[in-house]
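Since the structure comes first, as structure tokens, the remarks are kept for the end.
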Amino acid sequence: MIDYNEDFQFPVQDEFDAMEVTELEFEISPDENRAYVNLDVIRGTAYREKLLKIFHIRNDQLAKPTRTYKKFLFSGHPGCGKTLELRRLHDYIDHEDRYTSILIELEQDLEIGTFKAEDFYILLISALAGRMADHQFVSEELNKIGRDWLKDEEIIKELKQNYKMEVGAETQAGAGFFGLLKLKSKLKTLFSYDSITSRKLREKVRDNPMDLIRRFNLVLSEARRVVGDELGRDLLFIMDGSEKIIYDVYQKLFVRDAHLLRALEANAIFSIPIHAYFDITNTPHTHFFDYDTLPMIAINDRSRGKLGEIITKRIDGETFFTDGVLDYCVNMSGGCPRQLLRIVNRCLVAKTSEQITMNQAELACRDLGQQMRDLLRSEHLDILRNGRFDTADPMVLDMLYQLVILKYNGKRKINPLIDRPEFL
Amino acid sequence: MTRSWTEAQEDQFRQLSKVLNERRKKPTVVFIEFDNPDTRSRVYSRLERDLAWHSHHIIDLGSEMVVSPVKSISERLKQPLPDNSLVHVFGLENSMFTLLYDKFTNHELTGQINFERGKYWKFPFSILIWTDQHTIKQIKLHAVDFWSWITYFFSFTGSEPTYLPAADLFQNRDFGWGANPYTMQRVRSLEAFAAQLEEDHHDQWTDRSLLTKVNTLILLGEAYASIDMGDAAVRKLEEAGRILDRNSLHAPITRFSYHATYGRILRSIGERERATAFLEVAATEAQELNIREEVAKINLELARQAMQNGDVEKATSFMTVVGPEDKQKFSEESHYLDAWISVARGRYSEAIEHLRKMLDVVGDNSVTRLWVLNSLAISYTALERFRDAEDFMIQALDVAEQLSDGDVARQHLTLGLYFEERKDLNKARTHLEKARSGLMNQGDSEDLTSATEAIERLDKELGQ
């Protein structure tokens, strides 16, 4: 998204500016002090503490390497801030006293639409090569993997012909490693269509994935020696965007081929869709994964003010709201920042008076609730009416994903936009 | 037909104008829902009149099978637009369905929209996507992540839900499908028949009348699915299934028909796994019943699905069931799938055989023909038969010229890179220049970078 922060004087007072800064794609980064709101105080840090504990970080230090390699699945509703949270975690964890953290942002590194399960491993390996490139990391095994992948004549030809990349010079020392680095720079282009390179590499991974994992484990153990000495005390992969891959691919990676992830000797954090974890619970691998959800913020006296700040730092509260209206909008947001922005923006667009009145806010919420309800079938409504949404029933999971049901710390509730007698 | 504006529509128009009129700093993406082309024309005309200081540009994708809306929009923009531009995108609904044999099936468009979500906000102008209720609903359901970022959605629908008539929905398409045989009229007459059946039999159902009921429900399911009412279609098929399960009717053909229809409907609403399960049952039943043509059709559908999942093994196994005679009957689809499998397995000579046969059956100036010609060029290049490859690339350029400027520019790029590799530098430069000039009008594009970089390389080489 393009950063337009500089174009506005926060909190804005002009009505049209107010609409623009409450649009959902208007991103405010943590660096934008004038308008950014840190929600840690009200969201609670239980999930973060749990995660750090699992990865043995105590008093800002890696206390000791984990006994087994941990795979942490991190989920949350669309729009609850997973990406931001994973970036923050990476920024904190990637420190010489803690971990060498390798952040992989799938949306930036590959076309998610054409992402295949095999790409996951290709990405892990090339990301490690990329991260270790500046640290005189010598790994014969990584060289071999690179050479095996890139020795095929058709691949060499395609890379040379279409991308002017010279790979596969067998005699050159470290050729495989440098080949991987070159490959990493073109992954997005090469894997976004049916290129010879993408097809052949996927075939190679598919042919014997277990063997590849075993070889990559050797590389990881070599890399761990380097990071232990110089960079951080252990390796950690953080993968953001894995919740957006096609569901079939997710199932292959995390459910059907979970044994491969188990075999991977590295700690890792993966984001997954909020309704997806339950697929894993039906497999023998349930106990192997650690799991937590970035919770919605519960609405209470403490959180109401902080959530209100998301709005009042962007637009001037006194200019736009009559008494009690902002609190009403916050209550109806269910603790979801994106829903709060949606409600306020809808009020700003619909209002016909100077300030947003309670009546206009109620109408806006009713309208948004109606849109949500229009997507539900009678079976969904029965579940909501009977309060039977604390299950892993597929219809319940659908509703979690669609934000009809919101998940708080340990509790699920119906989204306030739809929780009205006339809708249920 | 003229209709008066409702109060709600007037309010929606006021809000839409407000969002666009004073927009100064950042562009946005707006979805506008309409229930018939007449409404769309009226809202658009008024918007154009009331927001006269904006420069309005219409991109009508109605005659194109859109895979990536972002790509299609970029390709259709001929030149950089002024700052006050509003780009109106029409016709996306026509790409929600694709025709396989005589059935409409759901296209992969919603998934693609979801994956591309970040790219919509990179355009330097606001985009207004005008489409029908069905398409909006599919996007809300199947592109959840994308929809969760959409701030503006305005609805101009009447009090009663209406659907685009088939003639409007599919007009101007170059696939030669013919009119959709199902209409609301067909649904109404089937519903009336079903109601009459209920009245005649009350609770005295015989096996025969139950079978009639099941068959009517299956027909209703098909009819609802073909006018985009997937939910209603599923309900009808669920009811048919319940009756079949509870009454142990001996009706193998009806059971087959139920599984095949339900599978196709599920596929059309994107429930791929369940669809595959139903279609596999239907294929077995068709085999047992010795309905050869149906066996072939269903296996082709299953192979296409496996292809979309990138599963070569499965696609191959489904194709082996389809006999030579049936392949001839469904020759375009068969050659397409066989060609895809051959390329995926690196068997270029086989691929060439299938692709050449496809050339005989695909239309003269179609996207499919362009795909076939380029695939032939790739296969011949892989076999180092460069003269043949070159010949097909030139043919592809001819076809591209009948399609769109974007296709022409990319074809020049292919030729330019090809001649560069073949060290025919002057020819390479001519094509690359044409590619660059064409691509510059398409906006942000990796292809443009490739063309520019290639020209720089050539200039260096030629300079030396």
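Identifiers in this document derive from the order of the structure tokens: chains are assigned A, B, ..., residues are numbered from 1 separately in each chain, and ligands are numbered from 1 in order of occurrence.
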Output as a PDB file with C-alpha atoms, in the first residue's frame the set of chain A residues within 9 Å of chain B, with distances taken over only C-alpha atoms.
```pdb
ATOM      1  CA  MET A   1       0.000   0.000   0.000  1.00  0.00           C
ATOM      2  CA  ILE A   2       1.149   3.517  -0.652  1.00  0.00           C
ATOM      3  CA  TYR A   4      -0.167   8.819   2.357  1.00  0.00           C
ATOM      4  CA  ASP A   7      -0.507  14.317   3.243  1.00  0.00           C
ATOM      5  CA  PHE A   8      -2.595  14.794   6.369  1.00  0.00           C
ATOM      6  CA  PHE A  16     -13.428  14.665   3.311  1.00  0.00           C
ATOM      7  CA  ASP A  17      -9.995  14.114   4.804  1.00  0.00           C
ATOM      8  CA  MET A  19     -13.288   9.856   5.165  1.00  0.00           C
ATOM      9  CA  GLU A  20      -9.943   9.226   3.532  1.00  0.00           C
ATOM     10  CA  THR A  22     -10.652   6.120   8.008  1.00  0.00           C
ATOM     11  CA  GLU A  23     -10.589   4.052   4.833  1.00  0.00           C
ATOM     12  CA  LEU A  24      -9.538   0.513   5.616  1.00  0.00           C
ATOM     13  CA  GLU A  25      -6.509   0.474   3.371  1.00  0.00           C
ATOM     14  CA  PHE A  26      -5.164   3.668   4.963  1.00  0.00           C
ATOM     15  CA  PRO A  78      -8.718 -11.206   9.167  1.00  0.00           C
ATOM     16  CA  GLY A  79      -7.814  -7.648  10.118  1.00  0.00           C
ATOM     17  CA  GLU A 107       3.140 -12.053  -0.347  1.00  0.00           C
ATOM     18  CA  GLU A 111       2.712 -14.964  -5.945  1.00  0.00           C
ATOM     19  CA  ILE A 112       0.349 -16.470  -3.393  1.00  0.00           C
ATOM     20  CA  GLY A 113      -2.148 -17.382  -6.104  1.00  0.00           C
ATOM     21  CA  LYS A 116       2.380 -24.810  -4.293  1.00  0.00           C
ATOM     22  CA  GLU A 154      16.720 -26.758 -19.318  1.00  0.00           C
ATOM     23  CA  LYS A 160      20.069 -17.576 -19.022  1.00  0.00           C
ATOM     24  CA  GLN A 161      17.648 -16.960 -21.880  1.00  0.00           C
ATOM     25  CA  ASN A 162      14.908 -15.197 -19.964  1.00  0.00           C
ATOM     26  CA  TYR A 163      16.650 -13.751 -16.929  1.00  0.00           C
ATOM     27  CA  THR A 189       8.773 -14.079 -11.305  1.00  0.00           C
ATOM     28  CA  ASP A 194       4.545 -22.402 -15.397  1.00  0.00           C
ATOM     29  CA  ILE A 196      10.583 -24.746 -16.663  1.00  0.00           C
ATOM     30  CA  ARG A 199       8.204 -27.027 -12.665  1.00  0.00           C
ATOM     31  CA  LYS A 244      -3.455 -16.682   2.644  1.00  0.00           C
ATOM     32  CA  ILE A 245      -2.315 -19.662   0.605  1.00  0.00           C
ATOM     33  CA  ILE A 246      -4.925 -21.842  -1.083  1.00  0.00           C
ATOM     34  CA  ASP A 248      -5.724 -27.255  -0.338  1.00  0.00           C
ATOM     35  CA  ARG A 338     -10.784  -2.739  11.155  1.00  0.00           C
ATOM     36  CA  GLN A 339     -14.482  -3.071  11.965  1.00  0.00           C
ATOM     37  CA  LEU A 341     -12.813   2.009  11.132  1.00  0.00           C
ATOM     38  CA  ARG A 342     -15.464   0.569   8.831  1.00  0.00           C
ATOM     39  CA  ASN A 345     -16.190   5.615   7.879  1.00  0.00           C
ATOM     40  CA  ARG A 346     -19.717   4.471   7.087  1.00  0.00           C
ATOM     41  CA  VAL A 349     -20.159   8.947   4.473  1.00  0.00           C
ATOM     42  CA  ALA A 350     -23.823   8.640   5.457  1.00  0.00           C
ATOM     43  CA  LYS A 351     -24.101  11.663   7.756  1.00  0.00           C
ATOM     44  CA  ASP A 374     -27.157 -11.719   3.949  1.00  0.00           C
ATOM     45  CA  LEU A 375     -24.287 -14.172   3.652  1.00  0.00           C
ATOM     46  CA  ARG A 377     -27.739 -19.707   5.552  1.00  0.00           C
ATOM     47  CA  TYR A 401     -13.455 -16.660   9.316  1.00  0.00           C
ATOM     48  CA  GLN A 402     -16.206 -14.288   8.206  1.00  0.00           C
TER      49      GLN A 402
END
```
Legend entry - Nearby residues (only C-alpha atoms) at most 10 Å from Val362 (chain B), same-chain spacing under 6 positions excluded, as a PyMOL selection string: chain B and resi 175+332+368-370+372
Inset, instruction - Would you work out the distance separating CA of Leu109 (chain B) from CA of Val67 (chain B), expressed in Å to one decimal? - result: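 Separating CA of Leu109 (chain B) from CA of Val67 (chain B) is a distance of 5.7 Å.
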Inset, instruction - Figure out the distance between CA of Lys204 (chain A) and CA of Gln305 (chain B), please, to one decimal in Å. - result: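 Result for CA of Gln305 (chain B) versus CA of Lys204 (chain A): 23.3 Å, one decimal.
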Inset, instruction - Identify, with DSSP run on backbone atoms, the residues in region 276-423 of chain A assigned to strand (DSSP E or B), and express the list as an MDAnalysis selection string. - result: chainID A and resid 289:293 315 321 356 405:407 412:414
Put those residues in a file: N, CA and C atoms, as a CSV table (one decimal), in the first residue's frame.
```csv
chain,number,residue,atom,x,y,z
A,289,PHE,N,2.3,-29.5,17.2
A,289,PHE,CA,2.2,-28.1,17.0
A,289,PHE,C,1.8,-27.3,18.3
A,290,ASP,N,2.4,-26.2,18.5
A,290,ASP,CA,1.9,-25.2,19.5
A,290,ASP,C,1.0,-24.2,18.7
A,291,TYR,N,0.1,-23.7,19.4
A,291,TYR,CA,-0.9,-22.9,18.7
A,291,TYR,C,-1.4,-21.8,19.6
A,292,ASP,N,-1.6,-20.6,19.0
A,292,ASP,CA,-2.3,-19.5,19.7
A,292,ASP,C,-2.9,-18.6,18.7
A,293,THR,N,-3.9,-17.8,19.3
A,293,THR,CA,-4.6,-16.9,18.4
A,293,THR,C,-4.4,-15.5,18.9
A,315,ILE,N,-9.0,11.4,13.4
A,315,ILE,CA,-9.9,12.4,13.1
A,315,ILE,C,-10.3,13.1,14.4
A,321,PHE,N,-18.1,13.9,16.3
A,321,PHE,CA,-19.0,13.0,17.1
A,321,PHE,C,-19.9,13.8,18.1
A,356,ILE,N,-21.8,13.4,13.6
A,356,ILE,CA,-22.5,12.1,13.5
A,356,ILE,C,-23.4,12.0,14.7
A,405,ILE,N,-18.6,-14.6,14.1
A,405,ILE,CA,-18.3,-15.0,15.5
A,405,ILE,C,-16.9,-14.5,15.8
A,406,LEU,N,-16.7,-13.8,16.9
A,406,LEU,CA,-15.4,-13.3,17.2
A,406,LEU,C,-14.8,-14.1,18.4
A,407,LYS,N,-13.5,-14.3,18.3
A,407,LYS,CA,-12.8,-15.1,19.3
A,407,LYS,C,-12.0,-14.2,20.2
A,412,ARG,N,-15.9,-17.2,22.7
A,412,ARG,CA,-16.4,-16.8,21.4
A,412,ARG,C,-17.7,-16.0,21.7
A,413,LYS,N,-17.9,-15.0,20.9
A,413,LYS,CA,-19.1,-14.2,21.0
A,413,LYS,C,-19.6,-13.9,19.6
A,414,ILE,N,-20.9,-13.6,19.5
A,414,ILE,CA,-21.5,-13.2,18.2
A,414,ILE,C,-21.1,-11.7,18.0
```
Legend entry - region 250-258 of chain B environment, 10 Å, only C-alpha atoms, sequence neighbours closer than 3 positions dropped, as a ChimeraX atom specification: /B:207-208,211-212,214-215,217-219,221,237-238,240-241,244-245,247,261-264,278-279,281-286,288-289,291,294
Inset, instruction - Would you mind listing what lies within 12 Å of Ala8 (chain B) as a VMD selection string, with only C-alpha atoms counted and same-chain residues fewer than 5 positions away left out? - result: (chain A and resid 350 367) or (chain B and resid 13 to 15 154 to 159)
Legend entry - Spatial neighbours of Thr357 (chain A), max dist 7 Å, only C-alpha atoms, sep filter under 2 positions, as a PyMOL selection string: chain A and resi 321-322+325+355+359-361
Go ahead and dump the residues you just picked, N, CA and C atoms, as an mmCIF file, in the first residue's frame.
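Resulting contents of selection.cif:
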```
data_model
loop_
_atom_site.group_PDB
_atom_site.id
_atom_site.type_symbol
_atom_site.label_atom_id
_atom_site.label_comp_id
_atom_site.auth_asym_id
_atom_site.auth_seq_id
_atom_site.Cartn_x
_atom_site.Cartn_y
_atom_site.Cartn_z
ATOM 1 N N PHE A 321 -18.128 13.882 16.338
ATOM 2 C CA PHE A 321 -19.047 13.019 17.081
ATOM 3 C C PHE A 321 -19.887 13.802 18.082
ATOM 4 N N THR A 322 -21.186 13.491 18.123
ATOM 5 C CA THR A 322 -21.991 13.995 19.239
ATOM 6 C C THR A 322 -21.754 13.070 20.423
ATOM 7 N N VAL A 325 -21.480 8.907 20.792
ATOM 8 C CA VAL A 325 -21.497 8.184 19.517
ATOM 9 C C VAL A 325 -20.219 7.362 19.314
ATOM 10 N N GLN A 355 -22.272 16.876 12.647
ATOM 11 C CA GLN A 355 -21.664 15.794 13.427
ATOM 12 C C GLN A 355 -22.454 14.493 13.238
ATOM 13 N N ASN A 359 -28.476 8.396 15.962
ATOM 14 C CA ASN A 359 -29.378 7.745 15.023
ATOM 15 C C ASN A 359 -28.621 7.303 13.754
ATOM 16 N N GLN A 360 -27.737 8.179 13.259
ATOM 17 C CA GLN A 360 -26.966 7.832 12.049
ATOM 18 C C GLN A 360 -26.019 6.660 12.318
ATOM 19 N N ALA A 361 -25.409 6.666 13.497
ATOM 20 C CA ALA A 361 -24.488 5.574 13.839
ATOM 21 C C ALA A 361 -25.250 4.249 13.929
#
```
Inset, instruction - Could you please determine the separation between CA of His134 (chain B) and CA of Phe34 (chain B) in Å, to one decimal place? - result: 10.1 Å
Name the residues in contact with region 40-45 of chain B at a cut-off of 10 Å, using only C-alpha atoms, excluding same-chain residues fewer than 2 positions from it; report them as a PDB file with N, CA and C atoms, in the first residue's frame.
```pdb
ATOM      1  N   THR B   2     -38.281   1.948 -17.931  1.00  0.00           N
ATOM      2  CA  THR B   2     -37.830   3.011 -17.039  1.00  0.00           C
ATOM      3  C   THR B   2     -38.348   2.740 -15.636  1.00  0.00           C
ATOM      4  N   ARG B   3     -37.493   2.907 -14.682  1.00  0.00           N
ATOM      5  CA  ARG B   3     -37.942   2.721 -13.304  1.00  0.00           C
ATOM      6  C   ARG B   3     -37.612   3.973 -12.522  1.00  0.00           C
ATOM      7  N   TRP B   5     -36.390   6.071  -9.217  1.00  0.00           N
ATOM      8  CA  TRP B   5     -35.413   5.822  -8.165  1.00  0.00           C
ATOM      9  C   TRP B   5     -36.136   5.643  -6.845  1.00  0.00           C
ATOM     10  N   GLN B   9     -32.045   4.279  -3.108  1.00  0.00           N
ATOM     11  CA  GLN B   9     -31.083   4.452  -4.204  1.00  0.00           C
ATOM     12  C   GLN B   9     -30.579   5.893  -4.271  1.00  0.00           C
ATOM     13  N   GLU B  10     -31.495   6.831  -4.018  1.00  0.00           N
ATOM     14  CA  GLU B  10     -31.108   8.239  -4.019  1.00  0.00           C
ATOM     15  C   GLU B  10     -30.055   8.485  -2.946  1.00  0.00           C
ATOM     16  N   PHE B  13     -26.769   7.101  -3.952  1.00  0.00           N
ATOM     17  CA  PHE B  13     -26.109   7.950  -4.945  1.00  0.00           C
ATOM     18  C   PHE B  13     -25.455   9.158  -4.272  1.00  0.00           C
ATOM     19  N   ILE B  32     -19.785  -1.224  -6.798  1.00  0.00           N
ATOM     20  CA  ILE B  32     -21.160  -0.771  -7.019  1.00  0.00           C
ATOM     21  C   ILE B  32     -21.982  -1.953  -7.528  1.00  0.00           C
ATOM     22  N   GLU B  33     -23.039  -2.260  -6.781  1.00  0.00           N
ATOM     23  CA  GLU B  33     -23.876  -3.407  -7.142  1.00  0.00           C
ATOM     24  C   GLU B  33     -25.121  -2.909  -7.868  1.00  0.00           C
ATOM     25  N   PHE B  34     -25.483  -3.543  -8.951  1.00  0.00           N
ATOM     26  CA  PHE B  34     -26.702  -3.156  -9.665  1.00  0.00           C
ATOM     27  C   PHE B  34     -27.460  -4.423 -10.034  1.00  0.00           C
ATOM     28  N   ASP B  35     -28.770  -4.260 -10.263  1.00  0.00           N
ATOM     29  CA  ASP B  35     -29.534  -5.470 -10.532  1.00  0.00           C
ATOM     30  C   ASP B  35     -29.912  -5.643 -11.995  1.00  0.00           C
ATOM     31  N   ASN B  36     -29.709  -4.637 -12.815  1.00  0.00           N
ATOM     32  CA  ASN B  36     -29.886  -4.840 -14.257  1.00  0.00           C
ATOM     33  C   ASN B  36     -29.114  -3.747 -15.013  1.00  0.00           C
ATOM     34  N   PRO B  37     -28.824  -3.993 -16.286  1.00  0.00           N
ATOM     35  CA  PRO B  37     -27.987  -3.052 -17.037  1.00  0.00           C
ATOM     36  C   PRO B  37     -28.588  -1.653 -17.118  1.00  0.00           C
ATOM     37  N   ASP B  38     -29.931  -1.597 -17.070  1.00  0.00           N
ATOM     38  CA  ASP B  38     -30.596  -0.297 -17.126  1.00  0.00           C
ATOM     39  C   ASP B  38     -30.203   0.559 -15.915  1.00  0.00           C
ATOM     40  N   LEU B  47     -23.722   9.933 -12.606  1.00  0.00           N
ATOM     41  CA  LEU B  47     -22.424  10.147 -11.964  1.00  0.00           C
ATOM     42  C   LEU B  47     -21.514  10.967 -12.892  1.00  0.00           C
ATOM     43  N   GLU B  48     -21.559  10.617 -14.158  1.00  0.00           N
ATOM     44  CA  GLU B  48     -20.730  11.317 -15.142  1.00  0.00           C
ATOM     45  C   GLU B  48     -21.149  12.796 -15.221  1.00  0.00           C
ATOM     46  N   ARG B  49     -22.455  13.027 -15.122  1.00  0.00           N
ATOM     47  CA  ARG B  49     -22.965  14.402 -15.201  1.00  0.00           C
ATOM     48  C   ARG B  49     -22.628  15.180 -13.925  1.00  0.00           C
ATOM     49  N   ASP B  50     -22.914  14.568 -12.770  1.00  0.00           N
ATOM     50  CA  ASP B  50     -22.705  15.275 -11.491  1.00  0.00           C
ATOM     51  C   ASP B  50     -21.233  15.458 -11.152  1.00  0.00           C
ATOM     52  N   LEU B  51     -20.411  14.528 -11.587  1.00  0.00           N
ATOM     53  CA  LEU B  51     -18.976  14.627 -11.288  1.00  0.00           C
ATOM     54  C   LEU B  51     -18.225  14.963 -12.582  1.00  0.00           C
ATOM     55  N   HIS B  56     -13.709  10.518 -16.749  1.00  0.00           N
ATOM     56  CA  HIS B  56     -14.269   9.165 -16.581  1.00  0.00           C
ATOM     57  C   HIS B  56     -13.769   8.236 -17.682  1.00  0.00           C
ATOM     58  N   HIS B  88     -13.970   3.221 -14.411  1.00  0.00           N
ATOM     59  CA  HIS B  88     -15.156   2.394 -14.173  1.00  0.00           C
ATOM     60  C   HIS B  88     -14.952   1.042 -14.845  1.00  0.00           C
ATOM     61  N   PHE B  90     -16.489  -2.429 -15.944  1.00  0.00           N
ATOM     62  CA  PHE B  90     -17.746  -3.134 -16.187  1.00  0.00           C
ATOM     63  C   PHE B  90     -17.459  -4.586 -16.599  1.00  0.00           C
ATOM     64  N   TRP B 130     -18.225  -2.131 -11.139  1.00  0.00           N
ATOM     65  CA  TRP B 130     -19.680  -2.256 -11.238  1.00  0.00           C
ATOM     66  C   TRP B 130     -20.009  -3.702 -11.551  1.00  0.00           C
ATOM     67  N   THR B 131     -20.788  -4.329 -10.694  1.00  0.00           N
ATOM     68  CA  THR B 131     -21.124  -5.725 -11.001  1.00  0.00           C
ATOM     69  C   THR B 131     -22.441  -6.143 -10.346  1.00  0.00           C
ATOM     70  N   ASP B 132     -22.846  -7.370 -10.601  1.00  0.00           N
ATOM     71  CA  ASP B 132     -24.175  -7.790 -10.132  1.00  0.00           C
ATOM     72  C   ASP B 132     -24.126  -8.410  -8.732  1.00  0.00           C
ATOM     73  N   PHE B 156     -27.349  -0.533  -5.762  1.00  0.00           N
ATOM     74  CA  PHE B 156     -28.477   0.049  -6.492  1.00  0.00           C
ATOM     75  C   PHE B 156     -29.361  -1.089  -6.981  1.00  0.00           C
ATOM     76  N   THR B 157     -30.026  -1.689  -6.015  1.00  0.00           N
ATOM     77  CA  THR B 157     -30.889  -2.806  -6.383  1.00  0.00           C
ATOM     78  C   THR B 157     -32.321  -2.454  -6.004  1.00  0.00           C
TER      79      THR B 157
END
```
Inset, instruction - Name all residues at most 10 Å from region 69-79 of chain B (count only C-alpha atoms; drop same-chain ones fewer than 4 positions away) and give them as an MDAnalysis selection string. - result: chainID B and resid 57:61 64:65 87:89 92 95 109:110 112:113 116:117 119:120 122:123 127 404:407 409 438:445
